[in-house]
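Here the structure is laid out as structure tokens; the discussion comes afterwards.
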Amino acid sequence: MEEIIVNDIDTFLMEVVQLDKIEYPLGMEGKLEYLRRDKLTCPLILVSMGTASIVAGARSSLAMITNYIQERNLNAEIAETGCFGICQAEPIIGIQLPGRSRLLFSNITEDKVVSLLDDVFHNRIPSESI
């Protein structure tokens with residue numbers, strides 16, 4: 001087997017891993033930024049809706065979140081996601097405020113939604129669920 005000697009790791013990575021920036025058609029980069037939620041203009045609430053989440057009560061949690069946002073006339077985006085991969089912690093709710101990192105909260109059943117959202121929207125992070 002031939003030994004590979006790498007003198008310039010950056011060049012090696014660019015060739016092997018192909019880290020070159022992909023050129024997208026005009027307007028596509030903006031769409032991708034939106035889908036990645038690179039720049040938020042309002043709070044984003046993600047509700048895991050995988051099978052384990054649904055069994056654990058995510059549909060009820062989603063309904064409670066929707067009611068909370070509507071009743072308080074808040075400008076927030078709610079999105080359903082697939083599985084976060086932590087089945088024992090379902091239902092998982094992800095919340096990201098503009099300019100802040102996204103946080104995931106575990107075991108957020110219907111009865112915990114109002115308390116969680118009250119805390120987050122008043123700049124308190126409930127550490128017992130994070």
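Identifiers for the structure tokens are assigned positionally: chains receive A, B, ... in sequence, residues are indexed from 1 per chain, and ligands are indexed from 1 in the order shown.
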What lies within 10 Å of A:Val120 using only C-alpha atoms, ignoring chain neighbours under 4 positions off, as number ranges by chain?
-> A: 95-97, 114-116, 124-126
Residues near A:Glu77, cut-off 9 Å, only C-alpha atoms, skip fewer than 5 positions along chain, as a tab-separated table (two decimals) with C-alpha atoms, in the first residue's frame:
```
chain	number	residue	atom	x	y	z
A	42	CYS	CA	-38.89	36.39	14.74
A	43	PRO	CA	-38.69	33.56	17.28
A	44	LEU	CA	-38.62	30.06	15.80
A	45	ILE	CA	-40.24	27.17	17.66
A	46	LEU	CA	-39.45	23.69	16.35
```
Choose the residue, out of A:Met64, A:Leu26, A:Ile130, A:Met49, that has the smallest atom-to-atom separation from A:Asp111; count only C-alpha atoms.
->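 Distance minimum relative to A:Asp111 lands on A:Met64.
Between atom CA of A:Gly94 and atom CA of A:Lys31 the separation is 21.5 Å.
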Name the residues of chain A that fall into alpha helix (DSSP H) according to DSSP on the backbone, using the chain letters and numbers of this document, as a PyMOL selection string.
-> chain A and resi 9-16+28-36+51-56+58-71+113-121
Enumerate the residues of chain A with a DSSP assignment of strand (DSSP E or B), computed from the backbone, and present them as a list in words.
->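 Output for chain A, strand (DSSP E or B) only: Leu44, Ile45, Leu46, Val47, Ser48, Glu77, Ile78, Ala79, Glu80, Thr81, Ile93, Gly94, Ile95, Gln96, Leu103, Leu104 and Phe105 of chain A.
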Could those residues be written to a file, using N, CA and C atoms, as an mmCIF file, in the first residue's frame?
```cif
data_model
loop_
_atom_site.group_PDB
_atom_site.id
_atom_site.type_symbol
_atom_site.label_atom_id
_atom_site.label_comp_id
_atom_site.auth_asym_id
_atom_site.auth_seq_id
_atom_site.Cartn_x
_atom_site.Cartn_y
_atom_site.Cartn_z
ATOM 1 N N LEU A 44 -38.334 31.302 16.501
ATOM 2 C CA LEU A 44 -38.619 30.057 15.800
ATOM 3 C C LEU A 44 -38.819 28.960 16.835
ATOM 4 N N ILE A 45 -39.948 28.277 16.751
ATOM 5 C CA ILE A 45 -40.245 27.171 17.658
ATOM 6 C C ILE A 45 -40.358 25.908 16.812
ATOM 7 N N LEU A 46 -39.471 24.948 17.081
ATOM 8 C CA LEU A 46 -39.455 23.690 16.349
ATOM 9 C C LEU A 46 -40.057 22.595 17.225
ATOM 10 N N VAL A 47 -40.954 21.839 16.660
ATOM 11 C CA VAL A 47 -41.591 20.748 17.387
ATOM 12 C C VAL A 47 -41.230 19.448 16.694
ATOM 13 N N SER A 48 -40.540 18.577 17.416
ATOM 14 C CA SER A 48 -40.163 17.275 16.881
ATOM 15 C C SER A 48 -41.427 16.442 16.705
ATOM 16 N N GLU A 77 -42.630 31.929 14.505
ATOM 17 C CA GLU A 77 -42.815 30.879 13.513
ATOM 18 C C GLU A 77 -42.775 29.526 14.217
ATOM 19 N N ILE A 78 -43.734 28.672 13.896
ATOM 20 C CA ILE A 78 -43.779 27.320 14.436
ATOM 21 C C ILE A 78 -43.552 26.367 13.279
ATOM 22 N N ALA A 79 -42.604 25.441 13.452
ATOM 23 C CA ALA A 79 -42.314 24.476 12.389
ATOM 24 C C ALA A 79 -42.222 23.084 12.982
ATOM 25 N N GLU A 80 -42.772 22.128 12.264
ATOM 26 C CA GLU A 80 -42.649 20.723 12.649
ATOM 27 C C GLU A 80 -41.368 20.180 12.031
ATOM 28 N N THR A 81 -40.643 19.366 12.807
ATOM 29 C CA THR A 81 -39.423 18.752 12.300
ATOM 30 C C THR A 81 -39.541 17.236 12.409
ATOM 31 N N ILE A 93 -38.786 20.229 22.118
ATOM 32 C CA ILE A 93 -39.136 21.513 21.525
ATOM 33 C C ILE A 93 -37.837 22.305 21.381
ATOM 34 N N GLY A 94 -37.585 22.794 20.174
ATOM 35 C CA GLY A 94 -36.432 23.656 19.935
ATOM 36 C C GLY A 94 -36.915 25.090 19.828
ATOM 37 N N ILE A 95 -36.208 25.997 20.485
ATOM 38 C CA ILE A 95 -36.587 27.408 20.424
ATOM 39 C C ILE A 95 -35.347 28.225 20.102
ATOM 40 N N GLN A 96 -35.492 29.097 19.110
ATOM 41 C CA GLN A 96 -34.404 30.000 18.761
ATOM 42 C C GLN A 96 -34.961 31.404 18.630
ATOM 43 N N LEU A 103 -31.962 26.394 21.349
ATOM 44 C CA LEU A 103 -31.949 25.526 22.520
ATOM 45 C C LEU A 103 -33.005 24.446 22.342
ATOM 46 N N LEU A 104 -32.677 23.249 22.794
ATOM 47 C CA LEU A 104 -33.630 22.144 22.763
ATOM 48 C C LEU A 104 -34.084 21.840 24.178
ATOM 49 N N PHE A 105 -35.383 21.670 24.338
ATOM 50 C CA PHE A 105 -35.966 21.372 25.639
ATOM 51 C C PHE A 105 -36.627 20.007 25.574
#
```
With a distance cut-off of 8 Å and only C-alpha atoms, select the neighbouring residues of A:Ser53, excluding the residue or stretch itself and same-chain residues fewer than 2 positions from it, and output the selection as a PyMOL selection string.
-> chain A and resi 48-51+55-58+83+87+90-92
Could the residues in this selection be saved with N, CA and C atoms as an mmCIF file, in the first residue's frame?
```
data_model
loop_
_atom_site.group_PDB
_atom_site.id
_atom_site.type_symbol
_atom_site.label_atom_id
_atom_site.label_comp_id
_atom_site.auth_asym_id
_atom_site.auth_seq_id
_atom_site.Cartn_x
_atom_site.Cartn_y
_atom_site.Cartn_z
ATOM 1 N N SER A 48 -40.540 18.577 17.416
ATOM 2 C CA SER A 48 -40.163 17.275 16.881
ATOM 3 C C SER A 48 -41.427 16.442 16.705
ATOM 4 N N MET A 49 -41.617 15.949 15.473
ATOM 5 C CA MET A 49 -42.825 15.168 15.185
ATOM 6 C C MET A 49 -42.493 13.788 14.639
ATOM 7 N N GLY A 50 -41.413 13.189 15.136
ATOM 8 C CA GLY A 50 -41.095 11.814 14.788
ATOM 9 C C GLY A 50 -42.058 10.877 15.503
ATOM 10 N N THR A 51 -41.955 9.613 15.217
ATOM 11 C CA THR A 51 -42.868 8.633 15.806
ATOM 12 C C THR A 51 -42.832 8.649 17.325
ATOM 13 N N VAL A 55 -45.964 9.617 19.912
ATOM 14 C CA VAL A 55 -46.384 8.706 20.984
ATOM 15 C C VAL A 55 -46.281 9.390 22.342
ATOM 16 N N ALA A 56 -45.262 10.239 22.517
ATOM 17 C CA ALA A 56 -45.037 10.913 23.794
ATOM 18 C C ALA A 56 -45.922 12.142 23.988
ATOM 19 N N GLY A 57 -46.696 12.520 22.968
ATOM 20 C CA GLY A 57 -47.645 13.617 23.135
ATOM 21 C C GLY A 57 -47.319 14.887 22.384
ATOM 22 N N ALA A 58 -46.486 14.821 21.348
ATOM 23 C CA ALA A 58 -46.073 16.021 20.622
ATOM 24 C C ALA A 58 -47.239 16.737 19.937
ATOM 25 N N CYS A 83 -37.399 13.677 13.579
ATOM 26 C CA CYS A 83 -36.836 13.230 14.847
ATOM 27 C C CYS A 83 -35.517 13.929 15.148
ATOM 28 N N CYS A 87 -34.952 9.750 21.547
ATOM 29 C CA CYS A 87 -36.314 9.259 21.775
ATOM 30 C C CYS A 87 -36.769 9.357 23.230
ATOM 31 N N GLU A 90 -38.342 12.780 24.255
ATOM 32 C CA GLU A 90 -39.483 13.331 23.512
ATOM 33 C C GLU A 90 -40.650 13.616 24.436
ATOM 34 N N PRO A 91 -41.494 14.563 24.096
ATOM 35 C CA PRO A 91 -41.420 15.490 22.984
ATOM 36 C C PRO A 91 -40.351 16.572 23.217
ATOM 37 N N ILE A 92 -39.583 16.832 22.167
ATOM 38 C CA ILE A 92 -38.524 17.838 22.222
ATOM 39 C C ILE A 92 -38.995 19.079 21.483
#
```
Residue nearest A:Thr41 - candidates A:Thr66, A:Arg100, A:Phe84, A:Ser60, atoms counted: only C-alpha atoms =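 The closest residue to A:Thr41 is A:Arg100.
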With distances taken over only C-alpha atoms, which of A:Asp38, A:Glu23, A:Glu29, A:Asp119 is nearest to A:Gly99?
->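 Nearest candidate to A:Gly99 out of A:Asp38, A:Glu23, A:Glu29, A:Asp119: A:Asp38.
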Which one of A:Gln88, A:Asn67, A:Met28, A:Ala52 sits closest to A:Leu117 if you count only C-alpha atoms?
->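 That would be A:Asn67, the residue with the smallest distance to A:Leu117.
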